[in-house]
$ cat target_9.txt   # compact mmCIF, C-alpha atoms
# COMPACT_ATOMS: atom_id res chain seq x y z
CA MET L 1 -36.66 12.35 -17.61
CA ASP L 2 -33.03 12.36 -18.83
CA ARG L 3 -30.01 11.94 -16.57
CA ARG L 4 -29.31 15.67 -16.29
CA GLU L 5 -32.88 16.45 -15.24
CA PHE L 6 -32.87 13.56 -12.75
CA LEU L 7 -29.65 14.74 -11.08
CA ILE L 8 -30.78 18.37 -10.95
CA ARG L 9 -34.13 17.44 -9.40
CA SER L 10 -32.48 15.04 -6.96
CA ALA L 11 -30.01 17.67 -5.81
CA ALA L 12 -32.74 20.32 -5.54
CA CYS L 13 -34.88 17.99 -3.42
CA ALA L 14 -31.90 17.14 -1.24
CA ALA L 15 -31.11 20.82 -0.79
CA SER L 16 -34.62 21.50 0.46
CA ALA L 17 -34.92 18.37 2.59
CA ALA L 18 -31.39 17.63 3.81
CA ILE L 19 -31.20 17.09 7.53
CA VAL L 20 -28.05 18.95 8.49
CA PRO L 21 -27.06 20.31 11.93
CA SER L 22 -27.84 24.01 12.17
CA ARG L 23 -24.21 24.68 13.02
CA VAL L 24 -23.33 23.92 9.39
CA LEU L 25 -25.07 27.11 8.29
CA GLY L 26 -23.03 29.41 10.50
CA ALA L 27 -24.43 32.28 12.54
CA ASN L 28 -26.40 33.93 9.79
CA ALA L 29 -26.37 32.52 6.29
CA PRO L 30 -26.14 33.76 3.57
CA SER L 31 -23.51 36.12 5.01
CA GLY L 32 -21.73 32.99 6.24
CA ARG L 33 -22.04 31.33 2.83
CA ILE L 34 -19.12 29.24 1.59
CA ASN L 35 -18.26 29.78 -2.06
CA VAL L 36 -16.94 26.60 -3.68
CA GLY L 37 -14.97 26.19 -6.89
CA PHE L 38 -14.97 22.87 -8.74
CA ILE L 39 -11.71 21.77 -10.36
CA GLY L 40 -12.42 18.76 -12.55
CA THR L 41 -15.87 18.11 -14.04
CA GLY L 42 -15.76 14.51 -15.22
CA ARG L 43 -17.55 11.33 -14.18
CA GLN L 44 -17.00 11.76 -10.44
CA ALA L 45 -18.17 15.36 -10.46
CA PHE L 46 -21.40 14.63 -12.32
CA GLY L 47 -22.10 11.28 -10.69
CA SER L 48 -21.47 12.34 -7.11
CA ASN L 49 -19.65 15.52 -6.18
CA LEU L 50 -21.72 18.20 -7.91
CA PRO L 51 -25.16 16.90 -6.87
CA GLN L 52 -23.98 16.38 -3.28
CA MET L 53 -22.26 19.74 -2.91
CA LEU L 54 -25.20 21.61 -4.42
CA ALA L 55 -27.44 19.97 -1.81
CA VAL L 56 -25.45 21.25 1.18
CA PRO L 57 -27.09 24.30 2.81
CA GLY L 58 -24.87 27.36 3.07
CA VAL L 59 -22.85 26.48 -0.04
CA GLN L 60 -22.73 28.22 -3.40
CA VAL L 61 -20.89 26.63 -6.32
CA VAL L 62 -19.54 29.71 -8.07
CA THR L 63 -17.16 28.39 -10.72
CA VAL L 64 -16.18 25.23 -12.58
CA CYS L 65 -12.86 24.37 -14.22
CA ASP L 66 -11.66 21.65 -16.56
CA THR L 67 -9.11 21.08 -19.32
CA ASP L 68 -12.02 19.67 -21.39
CA ARG L 69 -14.16 22.64 -22.44
CA TRP L 70 -17.15 20.45 -23.32
CA ARG L 71 -17.26 18.96 -19.83
CA MET L 72 -16.72 22.37 -18.26
CA ALA L 73 -19.63 23.87 -20.21
CA GLU L 74 -21.85 20.94 -19.24
CA ALA L 75 -20.97 21.44 -15.57
CA GLN L 76 -21.63 25.18 -15.74
CA LYS L 77 -25.00 24.50 -17.32
CA PHE L 78 -25.79 21.88 -14.68
CA VAL L 79 -25.05 24.28 -11.82
CA ASN L 80 -26.95 27.19 -13.35
CA GLU L 81 -29.98 24.99 -14.07
CA PHE L 82 -29.92 23.70 -10.51
CA TYR L 83 -29.99 27.16 -8.94
CA ALA L 84 -32.67 28.35 -11.35
CA LYS L 85 -34.86 25.36 -10.48
CA ARG L 86 -34.18 25.64 -6.75
CA ASP L 87 -35.05 29.33 -6.65
CA GLY L 88 -38.01 29.08 -9.03
CA LYS L 89 -36.42 31.38 -11.61
CA SER L 90 -36.49 31.17 -15.38
CA GLY L 91 -32.71 31.39 -15.54
CA TYR L 92 -29.50 31.79 -13.59
CA ASN L 93 -26.00 32.56 -14.83
CA GLY L 94 -24.00 33.06 -11.63
CA CYS L 95 -21.67 30.08 -12.12
CA THR L 96 -18.62 30.98 -14.17
CA GLN L 97 -16.02 28.79 -15.89
CA THR L 98 -12.26 28.90 -16.35
CA ALA L 99 -9.86 26.53 -18.08
CA ASP L 100 -6.92 27.24 -15.72
CA PHE L 101 -7.22 25.76 -12.24
CA ARG L 102 -4.81 28.37 -10.88
CA ASP L 103 -7.48 31.00 -11.46
CA VAL L 104 -9.76 29.06 -9.12
CA ILE L 105 -7.15 28.43 -6.43
CA HIS L 106 -6.12 32.08 -6.27
CA HIS L 107 -9.56 33.68 -6.65
CA ARG L 108 -10.13 35.93 -3.64
CA ASP L 109 -13.87 35.21 -3.42
CA ILE L 110 -13.58 31.41 -3.43
CA ASP L 111 -13.41 29.85 0.04
CA ALA L 112 -13.14 26.14 -0.71
CA LEU L 113 -12.30 23.77 -3.52
CA MET L 114 -13.63 20.41 -4.68
CA ILE L 115 -10.78 18.80 -6.62
CA SER L 116 -11.88 15.89 -8.85
CA VAL L 117 -9.08 15.53 -11.39
CA PRO L 118 -6.94 12.62 -12.68
CA ASP L 119 -4.76 11.10 -9.97
CA HIS L 120 -1.45 12.38 -11.35
CA TRP L 121 -2.62 15.93 -10.56
CA HIS L 122 -3.76 15.33 -6.98
CA THR L 123 -0.71 16.23 -4.93
CA THR L 124 0.20 19.21 -7.13
CA MET L 125 -3.22 20.81 -6.84
CA GLY L 126 -3.61 19.90 -3.17
CA THR L 127 -0.24 21.46 -2.35
CA MET L 128 -1.07 24.64 -4.26
CA ALA L 129 -4.45 24.89 -2.54
CA ALA L 130 -2.91 24.50 0.91
CA LYS L 131 -0.25 27.12 0.22
CA ALA L 132 -2.95 29.49 -1.03
CA LYS L 133 -4.85 28.93 2.27
CA LYS L 134 -7.84 27.42 0.48
CA HIS L 135 -9.90 24.72 2.19
CA PHE L 136 -10.19 21.72 -0.10
CA ALA L 137 -11.66 18.27 -0.55
CA LEU L 138 -9.42 16.09 -2.71
CA GLU L 139 -10.57 12.93 -4.44
CA LYS L 140 -8.96 9.72 -3.36
CA PRO L 141 -6.38 8.34 -3.96
CA LEU L 142 -4.41 11.33 -2.70
CA SER L 143 -1.09 10.54 -4.37
CA LEU L 144 0.92 8.26 -6.63
CA SER L 145 3.69 7.57 -4.11
CA VAL L 146 4.39 7.50 -0.40
CA LYS L 147 6.78 10.46 -0.67
CA GLN L 148 4.20 12.52 -2.58
CA GLY L 149 1.56 11.78 0.03
CA ARG L 150 3.85 12.57 2.95
CA ALA L 151 4.79 15.94 1.41
CA LEU L 152 1.11 16.80 0.87
CA ALA L 153 0.13 15.82 4.42
CA ASP L 154 2.96 17.92 5.84
CA VAL L 155 2.12 21.06 3.85
CA VAL L 156 -1.57 20.75 4.79
CA LYS L 157 -0.64 20.49 8.47
CA ALA L 158 1.61 23.54 8.20
CA SER L 159 -1.00 25.60 6.34
CA GLY L 160 -3.80 25.14 8.88
CA VAL L 161 -6.47 24.76 6.19
CA THR L 162 -9.39 22.36 6.46
CA ALA L 163 -8.74 19.51 4.04
CA ARG L 164 -10.60 16.26 3.44
CA THR L 165 -9.74 13.01 1.70
CA ASP L 166 -12.82 12.60 -0.45
CA SER L 167 -14.12 9.08 0.14
CA GLU L 168 -17.67 8.34 1.23
CA PHE L 169 -17.28 4.96 2.95
CA ARG L 170 -17.24 6.36 6.51
CA SER L 171 -20.66 7.85 5.73
CA VAL L 172 -22.19 4.70 4.19
CA ARG L 173 -24.11 2.95 6.95
CA LYS L 174 -23.44 -0.62 5.77
CA GLN L 175 -19.72 0.10 5.80
CA ASN L 176 -19.43 2.14 9.00
CA HIS L 177 -21.81 -0.20 10.84
CA ALA L 178 -19.30 -3.03 10.47
CA VAL L 179 -16.49 -0.87 11.84
CA GLU L 180 -18.77 0.24 14.68
CA LEU L 181 -19.49 -3.38 15.64
CA ILE L 182 -15.78 -4.23 15.57
CA ARG L 183 -14.68 -1.23 17.63
CA ASN L 184 -17.44 -1.98 20.15
CA GLY L 185 -16.09 -5.52 20.59
CA HIS L 186 -18.96 -7.53 19.07
CA ILE L 187 -16.80 -9.89 17.02
CA GLY L 188 -14.03 -10.24 19.60
CA ARG L 189 -10.45 -9.47 18.65
CA LEU L 190 -10.02 -8.57 14.99
CA GLN L 191 -7.73 -11.25 13.56
CA ARG L 192 -8.05 -11.30 9.77
CA VAL L 193 -9.57 -9.21 6.99
CA GLU L 194 -10.19 -10.46 3.45
CA ILE L 195 -10.84 -7.93 0.67
CA THR L 196 -11.72 -8.43 -2.98
CA PHE L 197 -11.75 -5.60 -5.50
CA PRO L 198 -13.83 -5.25 -8.67
CA SER L 199 -12.43 -6.92 -11.76
CA ASP L 200 -10.87 -4.90 -14.58
CA PRO L 201 -11.74 -4.93 -18.29
CA THR L 202 -9.38 -6.52 -20.79
CA PRO L 203 -6.40 -4.15 -21.17
CA VAL L 204 -6.16 -2.03 -24.31
CA VAL L 205 -2.83 -3.18 -25.74
CA ASP L 206 -2.23 -0.29 -28.13
CA ALA L 207 -4.04 2.67 -29.60
CA PRO L 208 -3.14 4.91 -32.54
CA ASP L 209 -1.86 8.44 -32.09
CA MET L 210 -4.71 10.86 -32.72
CA SER L 211 -5.26 14.55 -33.25
CA VAL L 212 -6.06 16.32 -30.00
CA PRO L 213 -9.81 17.11 -29.80
CA GLU L 214 -10.59 20.80 -30.21
CA GLU L 215 -12.27 20.91 -26.78
CA LEU L 216 -9.24 19.51 -24.87
CA ASP L 217 -6.18 21.38 -23.60
CA TYR L 218 -4.06 18.24 -23.71
CA GLN L 219 -0.82 19.85 -22.53
CA MET L 220 -2.54 21.12 -19.39
CA TRP L 221 -4.20 17.72 -18.94
CA LEU L 222 -0.75 16.07 -18.96
CA GLY L 223 0.60 18.70 -16.57
CA PRO L 224 3.30 17.11 -14.37
CA ALA L 225 3.29 13.84 -16.38
CA PRO L 226 5.65 13.11 -19.32
CA VAL L 227 4.73 14.44 -22.76
CA VAL L 228 3.35 11.67 -24.99
CA PRO L 229 1.12 11.70 -28.09
CA TYR L 230 -2.61 11.97 -27.55
CA THR L 231 -4.88 8.98 -27.96
CA GLU L 232 -8.41 8.77 -26.60
CA LYS L 233 -7.74 5.54 -24.72
CA ARG L 234 -5.09 7.35 -22.68
CA VAL L 235 -7.41 10.12 -21.49
CA HIS L 236 -11.22 9.79 -21.46
CA ASP L 237 -13.89 9.02 -24.02
CA ARG L 238 -15.10 12.22 -25.61
CA LYS L 239 -18.29 14.11 -24.79
CA GLN L 240 -19.63 11.88 -22.05
CA THR L 241 -19.32 11.80 -18.24
CA LYS L 242 -20.73 8.37 -17.39
CA MET L 243 -17.93 5.92 -18.20
CA ARG L 244 -14.92 5.19 -16.03
CA PRO L 245 -12.07 7.20 -17.58
CA ASN L 246 -9.33 5.48 -19.55
CA TRP L 247 -6.48 7.12 -17.62
CA MET L 248 -7.39 5.02 -14.58
CA ARG L 249 -5.82 2.02 -16.39
CA VAL L 250 -2.55 3.79 -17.30
CA SER L 251 0.21 3.60 -14.67
CA THR L 252 1.54 7.07 -15.54
CA TYR L 253 -1.68 8.61 -14.21
CA ALA L 254 -3.12 6.07 -11.75
CA GLN L 255 -2.37 2.79 -9.98
CA GLY L 256 -5.38 0.63 -10.77
CA MET L 257 -7.82 -1.05 -8.44
CA ILE L 258 -5.36 -1.57 -5.59
CA SER L 259 -5.47 2.22 -5.15
CA ASN L 260 -8.88 3.07 -6.56
CA TRP L 261 -10.75 0.70 -4.24
CA GLY L 262 -7.92 0.26 -1.77
CA ALA L 263 -8.41 3.88 -0.72
CA HIS L 264 -11.90 2.87 0.46
CA TYR L 265 -11.35 -0.54 2.00
CA PHE L 266 -7.96 0.12 3.58
CA ASP L 267 -9.49 3.16 5.28
CA MET L 268 -12.15 0.91 6.78
CA VAL L 269 -9.55 -1.56 8.05
CA GLN L 270 -7.30 1.14 9.48
CA TRP L 271 -10.33 2.62 11.25
CA ALA L 272 -11.52 -0.75 12.58
CA ASN L 273 -8.00 -1.64 13.71
CA ARG L 274 -7.43 1.75 15.37
CA SER L 275 -4.25 2.14 13.30
CA GLU L 276 -5.20 5.26 11.32
CA ASN L 277 -1.81 6.93 11.85
CA SER L 278 0.22 3.79 11.34
CA GLY L 279 0.08 0.78 9.04
CA PRO L 280 1.20 -2.79 8.43
CA VAL L 281 4.77 -3.97 9.08
CA GLU L 282 5.09 -6.81 6.54
CA ILE L 283 3.92 -7.13 2.94
CA GLU L 284 4.17 -9.72 0.18
CA GLY L 285 2.26 -10.20 -3.03
CA HIS L 286 2.09 -10.85 -6.74
CA GLY L 287 0.18 -9.50 -9.70
CA GLU L 288 0.07 -9.16 -13.48
CA PHE L 289 1.50 -6.11 -15.23
CA PRO L 290 0.12 -6.02 -18.79
CA ASN L 291 2.51 -5.07 -21.58
CA ALA L 292 -0.07 -2.68 -22.92
CA LEU L 293 -1.26 0.92 -22.96
CA TRP L 294 -3.52 -0.03 -20.05
CA ASP L 295 -0.73 -1.31 -17.83
CA THR L 296 -1.88 -0.92 -14.23
CA MET L 297 -1.60 -4.07 -12.12
CA ILE L 298 -4.43 -6.60 -12.44
CA ASN L 299 -5.28 -10.05 -11.04
CA PHE L 300 -3.21 -9.59 -7.90
CA LYS L 301 -3.09 -10.85 -4.34
CA VAL L 302 -1.31 -9.00 -1.54
CA THR L 303 -0.96 -10.01 2.10
CA TYR L 304 -0.29 -7.49 4.87
CA ARG L 305 0.54 -8.15 8.51
CA TYR L 306 0.26 -5.67 11.37
CA GLU L 307 2.31 -5.54 14.53
CA ASN L 308 -0.75 -6.49 16.61
CA GLY L 309 -1.13 -9.75 14.66
CA LEU L 310 -3.87 -8.65 12.24
CA GLU L 311 -3.51 -10.19 8.77
CA MET L 312 -5.16 -8.53 5.77
CA THR L 313 -5.36 -9.89 2.24
CA CYS L 314 -6.56 -8.04 -0.83
CA GLU L 315 -7.23 -9.75 -4.11
CA GLN L 316 -8.51 -9.10 -7.61
CA THR L 317 -9.51 -11.75 -10.13
CA PRO L 318 -11.10 -11.55 -13.62
CA THR L 319 -14.54 -12.02 -12.03
CA SER L 320 -14.22 -10.51 -8.54
CA ILE L 321 -16.66 -8.05 -6.99
CA PRO L 322 -16.13 -5.57 -4.12
CA THR L 323 -16.28 -7.45 -0.81
CA ILE L 324 -14.77 -7.10 2.64
CA THR L 325 -14.88 -9.77 5.35
CA TYR L 326 -13.79 -9.13 8.94
CA HIS L 327 -12.86 -12.21 10.97
CA GLY L 328 -12.82 -11.83 14.74
CA SER L 329 -12.08 -14.26 17.53
CA GLU L 330 -15.84 -14.63 18.17
CA ALA L 331 -17.59 -13.90 14.85
CA TRP L 332 -17.20 -12.71 11.27
CA LEU L 333 -18.86 -9.90 9.32
CA LYS L 334 -19.07 -9.69 5.53
CA ILE L 335 -20.16 -6.70 3.44
CA GLU L 336 -20.60 -7.62 -0.20
CA ASN L 337 -20.91 -5.21 -3.10
CA TYR L 338 -21.65 -1.49 -2.79
CA PRO L 339 -23.18 0.19 -0.84
CA GLY L 340 -23.24 -3.25 0.70
CA VAL L 341 -25.19 -6.20 2.04
CA MET L 342 -24.04 -7.41 5.44
CA THR L 343 -24.05 -11.02 6.61
CA SER L 344 -22.53 -12.50 9.76
CA SER L 345 -21.86 -15.74 11.59
CA LYS L 346 -23.97 -14.05 14.29
CA PRO L 347 -27.05 -12.90 12.31
CA GLU L 348 -28.20 -10.68 15.17
CA LEU L 349 -25.24 -8.37 14.53
CA VAL L 350 -26.66 -7.31 11.17
CA THR L 351 -29.38 -5.27 12.87
CA LEU L 352 -27.62 -4.54 16.17
CA GLU L 353 -27.48 -0.84 16.96
CA PRO L 354 -25.08 0.67 19.52
CA GLU L 355 -26.07 0.95 23.14
CA LYS L 356 -25.53 4.05 25.24
CA GLY L 357 -21.83 4.56 25.82
CA GLU L 358 -20.75 2.61 22.72
CA GLU L 359 -19.29 4.19 19.61
CA ASP L 360 -22.09 5.20 17.24
CA PHE L 361 -21.45 6.03 13.56
CA SER L 362 -25.09 5.93 12.47
CA HIS L 363 -25.30 9.73 12.37
CA ASN L 364 -22.09 10.38 10.46
CA LEU L 365 -22.53 13.29 8.09
CA TRP L 366 -22.33 12.60 4.38
CA ASP L 367 -18.92 13.44 2.90
CA LYS L 368 -19.66 16.90 1.43
CA ASN L 369 -21.66 17.88 4.53
CA ASP L 370 -18.71 16.81 6.68
CA PHE L 371 -16.34 18.96 4.64
CA ILE L 372 -18.47 22.09 4.94
CA ALA L 373 -19.26 21.49 8.64
CA ALA L 374 -15.54 21.07 9.36
CA ILE L 375 -14.81 24.43 7.74
CA GLN L 376 -17.58 26.13 9.71
CA GLU L 377 -16.61 24.52 13.01
CA ARG L 378 -12.84 24.73 12.50
CA ARG L 379 -12.45 21.04 13.22
CA PRO L 380 -10.77 18.15 11.37
CA THR L 381 -12.78 16.41 8.67
CA MET L 382 -13.86 12.80 9.04
CA ILE L 383 -10.90 11.71 6.88
CA PRO L 384 -8.07 14.23 7.25
CA ILE L 385 -5.29 14.27 4.67
CA GLU L 386 -2.90 12.52 7.08
CA THR L 387 -5.39 9.66 7.43
CA GLY L 388 -5.96 9.47 3.68
CA HIS L 389 -2.22 9.43 3.11
CA ARG L 390 -1.80 6.51 5.51
CA ASP L 391 -4.62 4.65 3.74
CA ILE L 392 -3.21 5.02 0.24
CA SER L 393 0.32 4.24 1.45
CA ILE L 394 -0.96 0.71 2.06
CA SER L 395 -1.90 0.44 -1.62
CA GLN L 396 1.46 1.82 -2.69
CA ILE L 397 3.64 -0.46 -0.55
CA GLY L 398 1.54 -3.42 -1.70
CA LEU L 399 2.11 -2.42 -5.31
CA ILE L 400 5.85 -2.14 -4.64
CA ALA L 401 5.89 -5.62 -3.11
CA CYS L 402 4.31 -6.97 -6.29
CA GLN L 403 6.72 -4.99 -8.50
CA THR L 404 9.81 -6.28 -6.68
CA GLY L 405 8.55 -9.77 -5.92
CA GLU L 406 10.05 -9.43 -2.45
CA LYS L 407 8.64 -10.06 1.00
CA LEU L 408 9.10 -6.64 2.54
CA ARG L 409 9.30 -5.28 6.06
CA TRP L 410 7.85 -1.80 6.55
CA ASP L 411 8.45 0.81 9.23
CA PRO L 412 5.20 2.85 9.32
CA LYS L 413 6.75 5.50 11.56
CA ALA L 414 9.73 6.23 9.30
CA GLU L 415 7.74 5.29 6.17
CA LEU L 416 10.65 3.25 4.83
CA PHE L 417 11.29 -0.39 3.98
CA LEU L 418 13.75 -1.99 6.37
CA ASP L 419 15.52 -4.43 4.08
CA SER L 420 15.27 -3.39 0.42
CA ASN L 421 17.03 -0.51 -1.32
CA ARG L 422 15.18 -1.43 -4.49
CA ALA L 423 11.80 -1.08 -2.79
CA ASN L 424 12.81 2.20 -1.13
CA SER L 425 13.85 3.59 -4.52
CA LEU L 426 10.20 3.30 -5.64
CA LEU L 427 8.77 5.34 -2.76
CA ALA L 428 9.36 8.69 -4.47
CA ALA L 429 8.21 7.98 -8.04
CA PRO L 430 6.98 9.71 -10.12
CA ILE L 431 8.90 12.99 -10.24
CA PRO L 432 6.82 15.87 -11.71
CA ARG L 433 8.18 17.58 -14.83
CA GLY L 434 8.65 21.17 -15.82
CA GLU L 435 7.12 24.01 -13.84
CA TRP L 436 5.17 21.56 -11.69
CA ALA L 437 8.35 20.15 -10.15
CA ASN L 438 8.72 23.25 -7.99
CA VAL L 439 5.19 23.54 -6.61

$ encode --input "target_9.txt" --output "structure tokens"
Amino acid sequence: MDRREFLIRSAACAASAAIVPSRVLGANAPSGRINVGFIGTGRQAFGSNLPQMLAVPGVQVVTVCDTDRWRMAEAQKFVNEFYAKRDGKSGYNGCTQTADFRDVIHHRDIDALMISVPDHWHTTMGTMAAKAKKHFALEKPLSLSVKQGRALADVVKASGVTARTDSEFRSVRKQNHAVELIRNGHIGRLQRVEITFPSDPTPVVDAPDMSVPEELDYQMWLGPAPVVPYTEKRVHDRKQTKMRPNWMRVSTYAQGMISNWGAHYFDMVQWANRSENSGPVEIEGHGEFPNALWDTMINFKVTYRYENGLEMTCEQTPTSIPTITYHGSEAWLKIENYPGVMTSSKPELVTLEPEKGEEDFSHNLWDKNDFIAAIQERRPTMIPIETGHRDISISQIGLIACQTGEKLRWDPKAELFLDSNRANSLLAAPIPRGEWANV
């Protein structure tokens, strides 16, 4: 069985066996069906978002969109094969494709969007979706700067749409169990958190200019980013959807592991610390900035301090693996790797389930189920855009501390540094170009 067949079968089985509250289906599906459009059909779409969304009852994926026509055709085929297999038909061709994401956002018959595009597009597409009154789930990290994220959170609030920061950690039992134990007081007062992120590959120093592949609309791929010559190591490896894309290592389009994994782990810490609408007040750190095409920060260490005394460190080394350790006044909890193996200074905590009256996250919906249920129930998602913005702001102010080399004081209410004009000047970068500057 090849990978495509495995994913299609897995999603079909999940669709028939998923345990989802009946409220998710609405009063009488299929009349209450939610039509979803997919914008972005790369590694994240194939590896996670498409199979999960297809498995949610009451959902129909009706169109796919990408600047890479090969990926878009593969996604369309994947969706059509899924529905044919699910319904026991010899064929299905109800999923369409379009190369322009604006056609998806403004389509009258599309209710919700799954946006899984390179990071430099996130705030532009999220803002356009909110203004068009489309519900949307947007891949983390939400933005490339604090100012971008604040603008997105504000427009979402004003629009009234249901919007979700797309990160699955609050649904992963090993991860949410630790937060549950902390919030229920089982390790005492949370005093310190230590985080390590996965290591990065050796940076690609340079790559030759290349002809743009016939399947790629490179100008649309660049979008709000500066115009530069095409090279494969700037974008993604051709005709595959398994490898981590190259753009994740280029600071024009992404911010490296401090944002890619920080969006996950910082969300867990904010949740555990009950500071989801706030953040740390002091930051210092250092890191390496390769003089290379792949120039996102690597091999870094950043220390954050909160007003309540909590200290959090995040670190990446050439051999590090994803790990988070919570130190309390009475015990510590450690979750190593993903989805995670928990250990503790109190071994009984590893299997301790909540008692009546305690917070219980064991029944948290999976991320795509949460998104659809929130639309149906007109409630906030598990990770609203405001929360996701606060999470990724922590990555961004940590990156700025490393860029400036300064020990910085941060006002989480005003979202400004208190003592550095240089640091504050970095809060708004990058500025979109061309037509995208006025979205």

$ residues_around --input "target_9.txt" --residues "range 100-102 of chain L" --least-positions-apart "3" --cutoff "8 Å" --atoms "all atoms listed in the file" --output "mmCIF file with C-alpha atoms, keeping the file's coordinate frame"
data_model
loop_
_atom_site.group_PDB
_atom_site.id
_atom_site.type_symbol
_atom_site.label_atom_id
_atom_site.label_comp_id
_atom_site.auth_asym_id
_atom_site.auth_seq_id
_atom_site.Cartn_x
_atom_site.Cartn_y
_atom_site.Cartn_z
ATOM 1 C CA ILE L 39 -11.710 21.770 -10.360
ATOM 2 C CA CYS L 65 -12.860 24.370 -14.220
ATOM 3 C CA ASP L 66 -11.660 21.650 -16.560
ATOM 4 C CA THR L 67 -9.110 21.080 -19.320
ATOM 5 C CA ILE L 105 -7.150 28.430 -6.430
ATOM 6 C CA HIS L 106 -6.120 32.080 -6.270
#

$ residues_around --input "target_9.txt" --residues "range 257-273 of chain L" --least-positions-apart "2" --cutoff "6 Å" --atoms "all atoms listed in the file" --output "JSON, numbers by chain"
{"L": [141, 179, 183, 255, 275, 276, 391, 392, 395]}

$ write_last_selection --input "target_9.txt" --atoms "C-alpha atoms" --output "PDB file, in the frame of the given file"
ATOM      1  CA  PRO L 141      -6.380   8.340  -3.960  1.00  0.00           C
ATOM      2  CA  VAL L 179     -16.490  -0.870  11.840  1.00  0.00           C
ATOM      3  CA  ARG L 183     -14.680  -1.230  17.630  1.00  0.00           C
ATOM      4  CA  GLN L 255      -2.370   2.790  -9.980  1.00  0.00           C
ATOM      5  CA  SER L 275      -4.250   2.140  13.300  1.00  0.00           C
ATOM      6  CA  GLU L 276      -5.200   5.260  11.320  1.00  0.00           C
ATOM      7  CA  ASP L 391      -4.620   4.650   3.740  1.00  0.00           C
ATOM      8  CA  ILE L 392      -3.210   5.020   0.240  1.00  0.00           C
ATOM      9  CA  SER L 395      -1.900   0.440  -1.620  1.00  0.00           C
TER      10      SER L 395
END

$ closest_residue --input "target_9.txt" --among "L:Ile298, L:Ala414, L:Val250, L:Ala137" --to "Leu399 in chain L" --atoms "all atoms listed in the file"
L:Ile298

$ closest_atom_pairs --input "target_9.txt" --of "range 24-126 of chain L" --to "range 423-430 of chain L" --cutoff "12 Å" --atoms "only C-alpha atoms" --output "Markdown table"
| residue | atom | partner | partner_atom | distance |
| --- | --- | --- | --- | --- |
| L:Asp119 | CA | L:Pro430 | CA | 11.8 |
| L:His120 | CA | L:Pro430 | CA | 8.9 |
| L:Trp121 | CA | L:Pro430 | CA | 11.4 |
| L:Thr123 | CA | L:Pro430 | CA | 11.3 |

$ atom_distance --input "target_9.txt" --atom1 "CA of Arg244 in chain L" --atom2 "CA of Asn299 in chain L"
18.7 Å

$ atom_distance --input "target_9.txt" --atom1 "CA of Gly37 in chain L" --atom2 "CA of Ala75 in chain L"
11.6 Å

$ atom_distance --input "target_9.txt" --atom1 "CA of Asp419 in chain L" --atom2 "CA of Glu311 in chain L"
20.4 Å

$ residues_around --input "target_9.txt" --residues "Trp410 in chain L" --least-positions-apart "6" --cutoff "6 Å" --atoms "all atoms listed in the file" --output "NGL selection string"
:L and (281-282 or 417-418)

$ residues_around --input "target_9.txt" --residues "Leu190 in chain L" --least-positions-apart "3" --cutoff "7 Å" --atoms "all atoms listed in the file" --output "VMD selection string"
chain L and resid 310 327 to 329

$ closest_residue --input "target_9.txt" --among "L:Val172, L:Val62, L:Val117, L:Ala374" --to "Val341 in chain L" --atoms "all atoms listed in the file"
L:Val172
